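*Asks:* What follows is upload.tsv; its format and atoms are TSV, C-alpha atoms.
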chain	number	residue	atom	x	y	z
A	51	MET	CA	0.00	0.00	0.00
A	52	ALA	CA	1.40	3.46	-0.85
A	53	GLY	CA	2.37	5.76	2.05
A	54	PRO	CA	0.88	9.23	2.60
A	55	LYS	CA	3.77	10.97	0.85
A	56	ALA	CA	3.56	8.68	-2.14
A	57	ARG	CA	-0.21	9.31	-2.30
A	58	ARG	CA	0.29	13.04	-2.27
A	59	THR	CA	2.74	12.95	-5.16
A	60	ASP	CA	0.66	10.37	-7.05
A	61	ARG	CA	-2.55	12.28	-6.51
A	62	PRO	CA	-4.61	12.39	-9.75
A	63	SER	CA	-4.35	15.69	-11.61
A	64	ARG	CA	-7.25	18.13	-11.68
A	65	THR	CA	-7.81	17.08	-15.27
A	66	ALA	CA	-8.09	13.42	-14.25
A	67	VAL	CA	-10.55	14.29	-11.48
A	68	ALA	CA	-12.63	16.44	-13.82
A	69	LEU	CA	-12.56	13.68	-16.43
A	70	ALA	CA	-13.60	11.02	-13.89
A	71	PHE	CA	-16.54	13.06	-12.61
A	72	GLY	CA	-17.50	14.04	-16.15
A	73	ILE	CA	-17.67	10.35	-17.00
A	74	ALA	CA	-19.60	9.74	-13.77
A	75	ILE	CA	-22.20	12.37	-14.66
A	76	ALA	CA	-22.52	10.95	-18.18
A	77	ALA	CA	-22.84	7.43	-16.73
A	78	ALA	CA	-25.55	8.54	-14.30
A	79	VAL	CA	-27.51	10.26	-17.07
A	80	ALA	CA	-27.10	7.21	-19.34
A	81	LEU	CA	-28.22	4.88	-16.54
A	82	VAL	CA	-31.39	6.87	-15.92
A	83	ALA	CA	-32.04	7.08	-19.67
A	84	VAL	CA	-31.65	3.31	-20.09
A	85	ALA	CA	-33.89	2.77	-17.04
A	86	VAL	CA	-36.62	4.95	-18.51
A	87	LEU	CA	-36.36	3.60	-22.04
A	88	SER	CA	-36.13	-0.09	-21.10
A	89	ARG	CA	-38.99	0.09	-18.62
A	90	ASN	CA	-41.68	-2.50	-19.20
A	91	ASP	CA	-44.75	-0.37	-18.56
A	92	SER	CA	-47.75	-2.61	-18.24
A	93	SER	CA	-50.02	0.43	-18.03
A	94	SER	CA	-49.28	1.24	-21.65
A	95	SER	CA	-50.59	-2.11	-22.81
A	96	PRO	CA	-53.94	-1.79	-24.51
A	97	PRO	CA	-56.78	-3.59	-22.78
A	98	THR	CA	-57.17	-7.12	-24.09
A	99	ALA	CA	-60.28	-9.26	-24.03
A	100	ASN	CA	-58.66	-12.67	-23.89
A	101	PRO	CA	-59.16	-14.18	-20.44
A	102	VAL	CA	-56.33	-16.35	-19.16
A	103	VAL	CA	-58.93	-18.87	-18.05
A	104	ASP	CA	-62.43	-19.89	-19.12
A	105	LEU	CA	-64.94	-19.44	-16.31
A	106	ALA	CA	-67.98	-20.37	-18.41
A	107	GLY	CA	-70.18	-22.96	-16.76
A	108	ILE	CA	-68.61	-22.61	-13.31
A	109	PRO	CA	-71.09	-21.47	-10.66
A	110	GLN	CA	-70.53	-18.00	-9.18
A	111	ALA	CA	-72.45	-16.63	-6.24
A	112	GLY	CA	-71.46	-13.14	-5.18
A	113	ARG	CA	-67.77	-13.26	-4.33
A	114	VAL	CA	-67.52	-17.06	-4.52
A	115	LEU	CA	-66.46	-19.05	-7.56
A	116	GLY	CA	-67.13	-22.79	-7.58
A	117	SER	CA	-69.49	-25.42	-6.33
A	118	PRO	CA	-71.17	-24.86	-2.95
A	119	ALA	CA	-70.53	-28.56	-2.33
A	120	ALA	CA	-66.75	-28.25	-2.72
A	121	LYS	CA	-64.80	-29.74	0.17
A	122	LEU	CA	-62.33	-26.87	0.42
A	123	THR	CA	-62.75	-23.09	0.31
A	124	LEU	CA	-59.75	-20.99	-0.67
A	125	ILE	CA	-60.24	-17.42	0.57
A	126	GLU	CA	-58.12	-14.83	-1.21
A	127	TYR	CA	-57.49	-11.36	0.19
A	128	ALA	CA	-56.43	-9.24	-2.74
A	129	ASP	CA	-55.85	-5.71	-3.98
A	130	PRO	CA	-56.58	-5.24	-7.69
A	131	GLN	CA	-53.52	-2.95	-7.89
A	132	CYS	CA	-51.10	-5.35	-6.23
A	133	PRO	CA	-48.53	-6.76	-8.69
A	134	ALA	CA	-48.22	-9.94	-6.61
A	135	CYS	CA	-52.00	-10.46	-6.90
A	136	ARG	CA	-51.67	-10.07	-10.67
A	137	LEU	CA	-48.90	-12.69	-10.65
A	138	TYR	CA	-51.14	-15.06	-8.72
A	139	SER	CA	-54.00	-14.42	-11.16
A	140	GLU	CA	-51.81	-15.05	-14.17
A	141	GLU	CA	-49.71	-17.90	-12.84
A	142	PHE	CA	-51.87	-19.96	-10.50
A	143	PHE	CA	-55.50	-18.95	-11.01
A	144	PRO	CA	-55.81	-20.84	-14.35
A	145	THR	CA	-54.46	-23.99	-12.64
A	146	LEU	CA	-56.78	-23.48	-9.69
A	147	VAL	CA	-59.80	-23.25	-11.96
A	148	ARG	CA	-58.82	-26.09	-14.29
A	149	GLU	CA	-57.68	-28.63	-11.70
A	150	TYR	CA	-59.64	-27.76	-8.59
A	151	VAL	CA	-62.62	-25.45	-9.12
A	152	ARG	CA	-64.11	-26.81	-12.34
A	153	PRO	CA	-64.00	-30.44	-11.06
A	154	GLY	CA	-65.88	-29.24	-7.94
A	155	ARG	CA	-63.08	-29.93	-5.44
A	156	VAL	CA	-62.43	-26.32	-4.41
A	157	ARG	CA	-64.35	-23.09	-4.36
A	158	THR	CA	-62.60	-19.76	-4.00
A	159	GLU	CA	-63.82	-16.59	-2.33
A	160	PHE	CA	-62.58	-13.08	-3.12
A	161	ARG	CA	-62.15	-10.68	-0.22
A	162	GLY	CA	-60.89	-7.24	-1.05
A	163	PHE	CA	-58.03	-5.61	0.82
A	164	PRO	CA	-57.76	-2.41	-1.23
A	165	PHE	CA	-54.94	-0.74	0.69
A	166	LEU	CA	-52.64	0.53	-2.04
A	167	GLY	CA	-54.64	3.63	-2.99
A	168	ASP	CA	-57.63	5.20	-4.67
A	169	ASP	CA	-57.42	3.00	-7.76
A	170	SER	CA	-57.60	-0.03	-5.46
A	171	VAL	CA	-60.82	1.17	-3.82
A	172	LYS	CA	-62.41	2.13	-7.12
A	173	ALA	CA	-61.54	-1.24	-8.68
A	174	TYR	CA	-62.93	-3.03	-5.64
A	175	ARG	CA	-66.19	-1.05	-5.86
A	176	PHE	CA	-66.65	-2.36	-9.39
A	177	LEU	CA	-65.71	-5.89	-8.33
A	178	LEU	CA	-68.39	-5.76	-5.62
A	179	ALA	CA	-70.83	-4.42	-8.21
A	180	ALA	CA	-69.89	-7.30	-10.51
A	181	ALA	CA	-70.50	-9.68	-7.60
A	182	GLU	CA	-74.11	-8.45	-7.58
A	183	GLN	CA	-74.36	-10.10	-11.00
A	184	ASP	CA	-72.19	-13.11	-10.07
A	185	ARG	CA	-69.40	-11.96	-12.38
A	186	LEU	CA	-66.77	-10.74	-9.88
A	187	TRP	CA	-64.16	-13.29	-10.90
A	188	ASN	CA	-64.49	-12.47	-14.60
A	189	LEU	CA	-63.90	-8.76	-13.93
A	190	ALA	CA	-61.08	-9.43	-11.44
A	191	GLU	CA	-59.23	-11.55	-13.98
A	192	ALA	CA	-59.72	-8.89	-16.65
A	193	LEU	CA	-58.51	-6.10	-14.34
A	194	TYR	CA	-55.34	-8.00	-13.43
A	195	ARG	CA	-54.66	-8.60	-17.12
A	196	ASN	CA	-54.84	-4.85	-17.67
A	197	GLN	CA	-53.26	-3.71	-14.41
A	198	GLY	CA	-51.51	-0.35	-14.65
A	199	ALA	CA	-48.91	1.46	-12.59
A	200	GLU	CA	-49.98	1.97	-8.99
A	201	ASN	CA	-52.22	4.95	-8.37
A	202	SER	CA	-51.66	6.28	-11.86
A	203	GLY	CA	-55.41	6.59	-12.38
A	204	TRP	CA	-55.44	3.49	-14.56
A	205	VAL	CA	-58.84	2.30	-13.23
A	206	THR	CA	-60.80	4.51	-15.60
A	207	ASP	CA	-64.49	4.22	-16.43
A	208	ASP	CA	-63.50	3.60	-20.04
A	209	LEU	CA	-61.23	0.70	-19.08
A	210	ILE	CA	-63.91	-0.91	-16.93
A	211	ARG	CA	-66.59	-0.33	-19.53
A	212	GLY	CA	-64.40	-1.96	-22.19
A	213	LEU	CA	-63.57	-4.96	-20.03
A	214	ALA	CA	-67.11	-5.38	-18.73
A	215	ALA	CA	-68.56	-5.33	-22.24
A	216	GLU	CA	-66.55	-8.46	-23.04
A	217	ILE	CA	-67.90	-10.44	-20.07
A	218	PRO	CA	-70.87	-12.60	-21.05
A	219	GLY	CA	-73.99	-11.98	-19.00
A	220	LEU	CA	-72.74	-8.78	-17.35
A	221	ASP	CA	-75.08	-5.79	-17.59
A	222	VAL	CA	-72.65	-2.89	-17.93
A	223	ASP	CA	-75.13	-0.14	-17.07
A	224	LYS	CA	-76.20	-1.97	-13.92
A	225	LEU	CA	-72.55	-2.49	-13.04
A	226	PHE	CA	-71.91	1.26	-13.11
A	227	THR	CA	-75.11	2.01	-11.20
A	228	ASP	CA	-74.29	-0.55	-8.49
A	229	ALA	CA	-70.69	0.68	-8.18
A	230	GLU	CA	-72.08	4.06	-7.06
A	231	ARG	CA	-74.42	2.58	-4.45
A	232	ALA	CA	-73.80	3.85	-0.92
A	233	ASP	CA	-73.64	0.35	0.58
A	234	ILE	CA	-71.06	-0.80	-1.97
A	235	ARG	CA	-68.99	2.36	-1.49
A	236	GLN	CA	-69.08	1.82	2.25
A	237	GLN	CA	-68.15	-1.86	1.87
A	238	ALA	CA	-65.20	-1.03	-0.40
A	239	GLU	CA	-63.92	1.76	1.81
A	240	SER	CA	-64.14	-0.29	5.00
A	241	ALA	CA	-62.67	-3.48	3.49
A	242	GLY	CA	-59.11	-2.51	4.35
A	243	ALA	CA	-59.93	-2.09	8.03
A	244	ALA	CA	-61.87	-5.35	8.03
A	245	ALA	CA	-58.94	-7.24	6.51
A	246	SER	CA	-56.49	-5.68	8.96
A	247	ALA	CA	-58.79	-6.61	11.83
A	248	ALA	CA	-58.74	-10.19	10.53
A	249	GLY	CA	-54.96	-10.14	10.81
A	250	ILE	CA	-54.23	-9.79	7.11
A	251	GLY	CA	-51.00	-7.89	6.53
A	252	GLY	CA	-50.59	-8.03	2.78
A	253	THR	CA	-51.90	-9.30	-0.52
A	254	PRO	CA	-52.43	-11.83	-1.82
A	255	SER	CA	-53.13	-13.63	1.45
A	256	PHE	CA	-54.88	-16.96	1.51
A	257	LEU	CA	-56.92	-18.88	4.02
A	258	VAL	CA	-57.82	-22.52	3.53
A	259	VAL	CA	-61.07	-23.75	5.04
A	260	VAL	CA	-61.86	-27.46	4.93
A	261	GLY	CA	-65.43	-28.21	5.91
A	262	ASN	CA	-66.13	-26.79	9.35
A	263	GLU	CA	-62.52	-26.79	10.44
A	264	GLN	CA	-60.62	-23.67	11.51
A	265	PRO	CA	-59.16	-21.64	8.63
A	266	TYR	CA	-55.42	-21.64	8.25
A	267	ALA	CA	-53.10	-19.50	6.15
A	268	VAL	CA	-51.16	-20.58	3.10
A	269	GLN	CA	-48.73	-18.47	1.10
A	270	PHE	CA	-48.43	-18.19	-2.66
A	271	GLY	CA	-44.85	-18.64	-3.75
A	272	SER	CA	-45.17	-20.73	-6.88
A	273	VAL	CA	-47.67	-22.89	-8.77
A	274	ASP	CA	-46.13	-26.08	-7.38
A	275	GLN	CA	-46.14	-24.78	-3.81
A	276	MET	CA	-49.79	-23.73	-4.01
A	277	ARG	CA	-50.81	-26.98	-5.69
A	278	ALA	CA	-49.06	-28.96	-2.94
A	279	ALA	CA	-50.83	-26.93	-0.23
A	280	LEU	CA	-54.25	-27.60	-1.78
A	281	ASP	CA	-53.53	-31.30	-2.39
A	282	ASP	CA	-52.39	-31.63	1.21
A	283	ALA	CA	-55.57	-29.97	2.49
A	284	LEU	CA	-57.81	-32.07	0.24
A	285	SER	CA	-56.16	-35.34	1.25
A	286	GLY	CA	-56.38	-34.61	4.96
B	68	MET	CA	-11.13	13.34	10.56
B	69	SER	CA	-8.00	11.42	9.60
B	70	ASP	CA	-7.74	9.62	6.29
B	71	ARG	CA	-7.56	6.32	8.14
B	72	THR	CA	-10.89	7.03	9.84
B	73	LEU	CA	-12.43	8.20	6.58
B	74	ARG	CA	-11.28	5.02	4.85
B	75	ALA	CA	-12.61	2.76	7.63
B	76	THR	CA	-15.94	4.59	7.72
B	77	ALA	CA	-16.28	4.45	3.93
B	78	GLY	CA	-15.56	0.72	4.06
B	79	ILE	CA	-18.25	0.18	6.71
B	80	VAL	CA	-20.77	2.23	4.73
B	81	ALA	CA	-19.95	0.26	1.57
B	82	LEU	CA	-20.46	-2.96	3.52
B	83	ALA	CA	-23.85	-1.66	4.69
B	84	GLY	CA	-24.68	-0.91	1.06
B	85	ILE	CA	-23.71	-4.46	0.08
B	86	GLY	CA	-25.94	-5.83	2.84
B	87	VAL	CA	-29.00	-3.79	1.82
B	88	ALA	CA	-28.49	-4.44	-1.90
B	89	ALA	CA	-28.02	-8.18	-1.25
B	90	TYR	CA	-31.27	-8.28	0.74
B	91	LEU	CA	-33.18	-6.42	-1.98
B	92	THR	CA	-31.72	-8.73	-4.65
B	93	TRP	CA	-32.90	-11.70	-2.59
B	94	VAL	CA	-36.39	-10.18	-2.27
B	95	HIS	CA	-36.45	-9.65	-6.04
B	96	TYR	CA	-35.71	-13.29	-6.81
B	97	ASP	CA	-37.37	-15.01	-3.85
B	98	GLU	CA	-40.62	-16.72	-4.84
B	99	GLY	CA	-41.75	-16.93	-1.24
B	100	ALA	CA	-41.96	-13.14	-1.05
B	101	LEU	CA	-44.69	-12.67	-3.65
B	102	VAL	CA	-46.79	-10.35	-1.56
B	103	CYS	CA	-47.66	-6.67	-1.36
B	104	VAL	CA	-47.36	-5.57	2.25
B	105	ALA	CA	-49.39	-2.87	3.97
B	106	GLY	CA	-47.04	-0.26	5.37
B	107	GLY	CA	-44.11	-2.01	3.72
B	108	GLY	CA	-43.51	-1.43	0.09
B	109	CYS	CA	-40.32	-3.34	-0.71
B	110	GLU	CA	-42.23	-5.99	-2.61
B	111	THR	CA	-44.36	-3.38	-4.35
B	112	VAL	CA	-41.29	-1.40	-5.33
B	113	GLN	CA	-39.39	-4.54	-6.29
B	114	GLN	CA	-42.25	-5.82	-8.45
B	115	SER	CA	-42.86	-2.51	-10.15
B	116	SER	CA	-41.78	-1.96	-13.72
B	117	TYR	CA	-38.96	0.24	-12.39
B	118	ALA	CA	-37.25	-2.59	-10.51
B	119	GLU	CA	-35.25	-3.74	-13.52
B	120	ILE	CA	-33.05	-2.05	-16.06
B	121	ALA	CA	-32.79	-3.93	-19.34
B	122	GLY	CA	-33.72	-7.13	-17.53
B	123	LEU	CA	-31.25	-6.68	-14.66
B	124	PRO	CA	-32.61	-6.02	-11.15
B	125	VAL	CA	-31.68	-2.54	-9.92
B	126	ALA	CA	-30.76	-4.13	-6.58
B	127	LEU	CA	-28.25	-6.42	-8.32
B	128	LEU	CA	-26.65	-3.42	-10.03
B	129	GLY	CA	-26.37	-1.81	-6.61
B	130	LEU	CA	-24.81	-4.94	-5.15
B	131	VAL	CA	-22.17	-5.05	-7.90
B	132	SER	CA	-21.47	-1.31	-7.58
B	133	TYR	CA	-21.05	-1.38	-3.80
B	134	THR	CA	-18.76	-4.41	-4.10
B	135	ILE	CA	-16.58	-2.57	-6.64
B	136	VAL	CA	-16.47	0.54	-4.43
B	137	LEU	CA	-15.45	-1.58	-1.45
B	138	GLY	CA	-12.77	-3.23	-3.56
B	139	LEU	CA	-11.45	0.18	-4.59
B	140	ILE	CA	-11.44	1.36	-0.96
B	141	VAL	CA	-9.41	-1.69	0.02
B	142	TRP	CA	-7.06	-1.26	-2.96
B	143	ASP	CA	-6.57	2.40	-1.99
B	144	THR	CA	-4.24	3.74	-4.68
B	145	PRO	CA	-4.84	7.38	-5.68
B	146	TYR	CA	-6.66	6.32	-8.82
B	147	ALA	CA	-8.64	3.70	-6.88
B	148	ARG	CA	-9.80	6.54	-4.60
B	149	LEU	CA	-10.83	8.55	-7.63
B	150	GLY	CA	-12.65	5.55	-9.10
B	151	ALA	CA	-14.45	4.92	-5.79
B	152	ALA	CA	-15.53	8.56	-5.56
B	153	ALA	CA	-16.73	8.64	-9.18
B	154	LEU	CA	-18.67	5.37	-8.84
B	155	ALA	CA	-20.17	6.50	-5.52
B	156	PHE	CA	-21.26	9.72	-7.26
B	157	VAL	CA	-23.01	7.68	-9.99
B	158	GLY	CA	-24.70	5.68	-7.22
B	159	LEU	CA	-25.83	8.86	-5.47
B	160	ALA	CA	-27.28	10.33	-8.66
B	161	PHE	CA	-29.15	7.12	-9.42
B	162	SER	CA	-30.39	6.92	-5.83
B	163	VAL	CA	-31.94	10.37	-6.22
B	164	TYR	CA	-33.76	9.09	-9.33
B	165	LEU	CA	-34.96	5.99	-7.41
B	166	LEU	CA	-36.10	8.14	-4.49
B	167	VAL	CA	-38.16	10.37	-6.79
B	168	LEU	CA	-39.72	7.25	-8.33
B	169	GLN	CA	-40.73	5.86	-4.94
B	170	LEU	CA	-42.15	9.11	-3.62
B	171	PHE	CA	-43.90	10.46	-6.69
B	172	VAL	CA	-44.37	7.70	-9.27
B	173	ILE	CA	-44.67	4.25	-7.69
B	174	ASP	CA	-46.19	5.83	-4.58
B	175	ALA	CA	-44.76	3.11	-2.38
B	176	VAL	CA	-41.74	3.52	-0.16
B	177	CYS	CA	-39.48	0.60	0.61
B	178	VAL	CA	-37.72	1.24	3.89
B	179	TRP	CA	-34.55	-0.56	2.80
B	180	CYS	CA	-34.48	1.34	-0.49
B	181	LEU	CA	-34.98	4.53	1.50
B	182	ALA	CA	-32.08	3.64	3.80
B	183	ASN	CA	-29.90	3.22	0.75
B	184	ASP	CA	-31.09	6.34	-1.07
B	185	VAL	CA	-31.10	8.73	1.91
B	186	LEU	CA	-28.27	7.43	4.08
B	187	ILE	CA	-25.88	4.95	2.49
B	188	ALA	CA	-25.44	6.35	-1.03
B	189	PRO	CA	-25.01	10.00	0.10
B	190	ALA	CA	-22.68	9.01	2.94
B	191	LEU	CA	-20.50	6.92	0.64
B	192	ALA	CA	-20.36	9.70	-1.95
B	193	VAL	CA	-19.30	12.27	0.68
B	194	LEU	CA	-16.75	10.01	2.37
B	195	THR	CA	-15.10	8.91	-0.87
B	196	ALA	CA	-15.07	12.51	-2.15
B	197	LEU	CA	-13.47	13.74	1.10
B	198	ARG	CA	-10.70	11.18	0.68
B	199	LEU	CA	-9.70	12.86	-2.58
B	200	ARG	CA	-8.63	15.89	-0.51
B	201	THR	CA	-6.44	14.02	1.98
For the structure just supplied, provide its representation as structure tokens.

*Replies:*
Amino acid sequence: MAGPKARRTDRPSRTAVALAFGIAIAAAVALVAVAVLSRNDSSSSPPTANPVVDLAGIPQAGRVLGSPAAKLTLIEYADPQCPACRLYSEEFFPTLVREYVRPGRVRTEFRGFPFLGDDSVKAYRFLLAAAEQDRLWNLAEALYRNQGAENSGWVTDDLIRGLAAEIPGLDVDKLFTDAERADIRQQAESAGAAASAAGIGGTPSFLVVVGNEQPYAVQFGSVDQMRAALDDALSG
Amino acid sequence: MSDRTLRATAGIVALAGIGVAAYLTWVHYDEGALVCVAGGGCETVQQSSYAEIAGLPVALLGLVSYTIVLGLIVWDTPYARLGAAALAFVGLAFSVYLLVLQLFVIDAVCVWCLANDVLIAPALAVLTALRLRT
């Protein structure tokens, strides 16, 4: 290691220092530019009308999807703005429906925990309104597919109208009327407090209920992990 | 403050940066952490479209940068000092960008990101810059 005297004499010239910090400034600007330009902005994706899963023919009653006779109920606490909830919807929900819900083994219940912001509460109001027509799960899936940047105002009336129009059996005008109802507004706005009171700390959070047994929590980490948790509960 | 103290402090701060960046890289890749947390935000920030640059996690870039800065602090030649200061300055500038994103764009604050952006990156930039004067 060089001694203090050696360091002093070997100290970089003012030109070298200026050059180094000039390069540093250019590198910082380039880094930010690359970050902005390479950003994968899901909010810029146009709304699509191709569901990741076919829910036709599966019974829906309010917030519940699946047969009332199913042995297991999977309760999902979700925020329509949460990226992790979108991942669950895209990665595991199709498997859940195909392998568990459609065969009548599992039913799944949506409970809103709209804590991320105003777009969360607005989206949940429309989900509750869709539940009035037993179409909550169709609209939830469509919203996740078109999820925008958090609190960017992406939950627009136009987006919802476009998505709702593609859902068979959903009366769009009634959907918008119901979403403005005082009881639905109150339910959406108090859902966060209700979820917190139930001990829910984040989304998506899952509770498994088998028959009349006590609910217990499971965590979504991967398709295989979730499948194993359900298989374990069903075989017990 | 002596140069020896400055060097030791800069090394400790760089180590803290490595620790935070390593944790955030782990959160980015860990499947078991797929959750948005009320009052948290790390997962929200990490799963936002701003968490990667050209496919590379921002946290991983931070981990590599802090490791290089620490290596330069240990090497400690005059040009290594200059390199450490310049790289720490890049880190500081990018941290300001990330802080603005969290506060005004993503609207979710990750406490570990905040610790990096408000404490570690500025401290490392100041300490490495001060060493250029000794």

*Asks:* Would you list the residues near (-25.0, -0.7, -1.8), meaning any protein, DNA or RNA residue with an atom at most 12 Å from that point in file coordinates, counting only C-alpha atoms, as JSON, numbers by chain?

*Replies:* {"B": [77, 78, 79, 80, 81, 82, 83, 84, 85, 86, 87, 88, 89, 90, 91, 92, 125, 126, 127, 128, 129, 130, 131, 132, 133, 134, 135, 136, 137, 154, 155, 157, 158, 159, 161, 162, 179, 180, 181, 182, 183, 184, 185, 186, 187, 188, 189, 190, 191, 192]}

*Asks:* Take CA of Thr253 in chain A and CA of Ala229 in chain A and report the distance between them in Å, one decimal.

*Replies:*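 Rounded to one decimal, the two atoms are 22.6 Å apart.
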
*Asks:* Counting only C-alpha atoms, which residues have an atom no more than 12 Å from (-60.0, -9.9, 3.6) in the file's coordinates? Please list them as a PyMOL selection string.

*Replies:* chain A and resi 113+124-129+159-165+174+237-238+240-257

*Asks:* As an exercise, work out the distance from CA of Leu139 in chain B to CA of Val82 in chain A in Å and give it to one decimal place.

*Replies:*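 If I compute the distance from CA of Leu139 in chain B to CA of Val82 in chain A, I get 23.9 Å.
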
*Asks:* Write down, as an MDAnalysis selection string, each residue of chain A that has any atom within 7 Å of an atom of chain B, counting only C-alpha atoms.

*Replies:* chainID A and resid 52 57 60:62 67 70:71 74:75 77:78 82 84:85 88:91 132:134 165 200 251:254 270:272

*Asks:* How would the residues just chosen look if you wrote them out with C-alpha atoms as an mmCIF file, in the frame of the given file?

*Replies:*
data_model
loop_
_atom_site.group_PDB
_atom_site.id
_atom_site.type_symbol
_atom_site.label_atom_id
_atom_site.label_comp_id
_atom_site.auth_asym_id
_atom_site.auth_seq_id
_atom_site.Cartn_x
_atom_site.Cartn_y
_atom_site.Cartn_z
ATOM 1 C CA ALA A 52 1.400 3.460 -0.850
ATOM 2 C CA ARG A 57 -0.210 9.310 -2.300
ATOM 3 C CA ASP A 60 0.660 10.370 -7.050
ATOM 4 C CA ARG A 61 -2.550 12.280 -6.510
ATOM 5 C CA PRO A 62 -4.610 12.390 -9.750
ATOM 6 C CA VAL A 67 -10.550 14.290 -11.480
ATOM 7 C CA ALA A 70 -13.600 11.020 -13.890
ATOM 8 C CA PHE A 71 -16.540 13.060 -12.610
ATOM 9 C CA ALA A 74 -19.600 9.740 -13.770
ATOM 10 C CA ILE A 75 -22.200 12.370 -14.660
ATOM 11 C CA ALA A 77 -22.840 7.430 -16.730
ATOM 12 C CA ALA A 78 -25.550 8.540 -14.300
ATOM 13 C CA VAL A 82 -31.390 6.870 -15.920
ATOM 14 C CA VAL A 84 -31.650 3.310 -20.090
ATOM 15 C CA ALA A 85 -33.890 2.770 -17.040
ATOM 16 C CA SER A 88 -36.130 -0.090 -21.100
ATOM 17 C CA ARG A 89 -38.990 0.090 -18.620
ATOM 18 C CA ASN A 90 -41.680 -2.500 -19.200
ATOM 19 C CA ASP A 91 -44.750 -0.370 -18.560
ATOM 20 C CA CYS A 132 -51.100 -5.350 -6.230
ATOM 21 C CA PRO A 133 -48.530 -6.760 -8.690
ATOM 22 C CA ALA A 134 -48.220 -9.940 -6.610
ATOM 23 C CA PHE A 165 -54.940 -0.740 0.690
ATOM 24 C CA GLU A 200 -49.980 1.970 -8.990
ATOM 25 C CA GLY A 251 -51.000 -7.890 6.530
ATOM 26 C CA GLY A 252 -50.590 -8.030 2.780
ATOM 27 C CA THR A 253 -51.900 -9.300 -0.520
ATOM 28 C CA PRO A 254 -52.430 -11.830 -1.820
ATOM 29 C CA PHE A 270 -48.430 -18.190 -2.660
ATOM 30 C CA GLY A 271 -44.850 -18.640 -3.750
ATOM 31 C CA SER A 272 -45.170 -20.730 -6.880
#

*Asks:* For range 230-234 of chain A, supply all heavy atoms and report the output as a PDB file, in the coordinates of the input.

*Replies:*
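Result went into selection-v4.pdb, see below:
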ATOM      1  N   GLU A 230     -71.869   2.770  -7.729  1.00  0.00           N
ATOM      2  CA  GLU A 230     -72.080   4.060  -7.060  1.00  0.00           C
ATOM      3  C   GLU A 230     -72.969   3.952  -5.840  1.00  0.00           C
ATOM      4  O   GLU A 230     -73.180   4.941  -5.131  1.00  0.00           O
ATOM      5  CB  GLU A 230     -72.689   5.078  -8.043  1.00  0.00           C
ATOM      6  CG  GLU A 230     -71.795   5.410  -9.235  1.00  0.00           C
ATOM      7  CD  GLU A 230     -70.466   6.029  -8.808  1.00  0.00           C
ATOM      8  OE1 GLU A 230     -70.444   6.732  -7.786  1.00  0.00           O
ATOM      9  OE2 GLU A 230     -69.450   5.776  -9.490  1.00  0.00           O
ATOM     10  N   ARG A 231     -73.508   2.749  -5.587  1.00  0.00           N
ATOM     11  CA  ARG A 231     -74.420   2.580  -4.450  1.00  0.00           C
ATOM     12  C   ARG A 231     -73.696   2.855  -3.132  1.00  0.00           C
ATOM     13  O   ARG A 231     -72.520   2.491  -2.970  1.00  0.00           O
ATOM     14  CB  ARG A 231     -74.970   1.148  -4.430  1.00  0.00           C
ATOM     15  CG  ARG A 231     -76.210   0.977  -5.289  1.00  0.00           C
ATOM     16  CD  ARG A 231     -76.626  -0.464  -5.448  1.00  0.00           C
ATOM     17  NE  ARG A 231     -76.323  -1.329  -4.316  1.00  0.00           N
ATOM     18  CZ  ARG A 231     -76.380  -2.669  -4.374  1.00  0.00           C
ATOM     19  NH1 ARG A 231     -76.749  -3.256  -5.515  1.00  0.00           N
ATOM     20  NH2 ARG A 231     -76.087  -3.395  -3.328  1.00  0.00           N
ATOM     21  N   ALA A 232     -74.412   3.469  -2.204  1.00  0.00           N
ATOM     22  CA  ALA A 232     -73.800   3.850  -0.920  1.00  0.00           C
ATOM     23  C   ALA A 232     -73.287   2.624  -0.162  1.00  0.00           C
ATOM     24  O   ALA A 232     -72.203   2.665   0.437  1.00  0.00           O
ATOM     25  CB  ALA A 232     -74.810   4.614  -0.078  1.00  0.00           C
ATOM     26  N   ASP A 233     -74.068   1.525  -0.192  1.00  0.00           N
ATOM     27  CA  ASP A 233     -73.640   0.350   0.580  1.00  0.00           C
ATOM     28  C   ASP A 233     -72.378  -0.270  -0.023  1.00  0.00           C
ATOM     29  O   ASP A 233     -71.501  -0.749   0.715  1.00  0.00           O
ATOM     30  CB  ASP A 233     -74.776  -0.684   0.660  1.00  0.00           C
ATOM     31  CG  ASP A 233     -75.213  -1.192  -0.705  1.00  0.00           C
ATOM     32  OD1 ASP A 233     -75.210  -0.393  -1.669  1.00  0.00           O
ATOM     33  OD2 ASP A 233     -75.552  -2.381  -0.821  1.00  0.00           O
ATOM     34  N   ILE A 234     -72.262  -0.233  -1.338  1.00  0.00           N
ATOM     35  CA  ILE A 234     -71.060  -0.800  -1.970  1.00  0.00           C
ATOM     36  C   ILE A 234     -69.862   0.108  -1.734  1.00  0.00           C
ATOM     37  O   ILE A 234     -68.753  -0.362  -1.454  1.00  0.00           O
ATOM     38  CB  ILE A 234     -71.324  -1.063  -3.473  1.00  0.00           C
ATOM     39  CG1 ILE A 234     -72.188  -2.320  -3.583  1.00  0.00           C
ATOM     40  CG2 ILE A 234     -70.025  -1.175  -4.271  1.00  0.00           C
ATOM     41  CD1 ILE A 234     -72.430  -2.847  -4.959  1.00  0.00           C
TER      42      ILE A 234
END
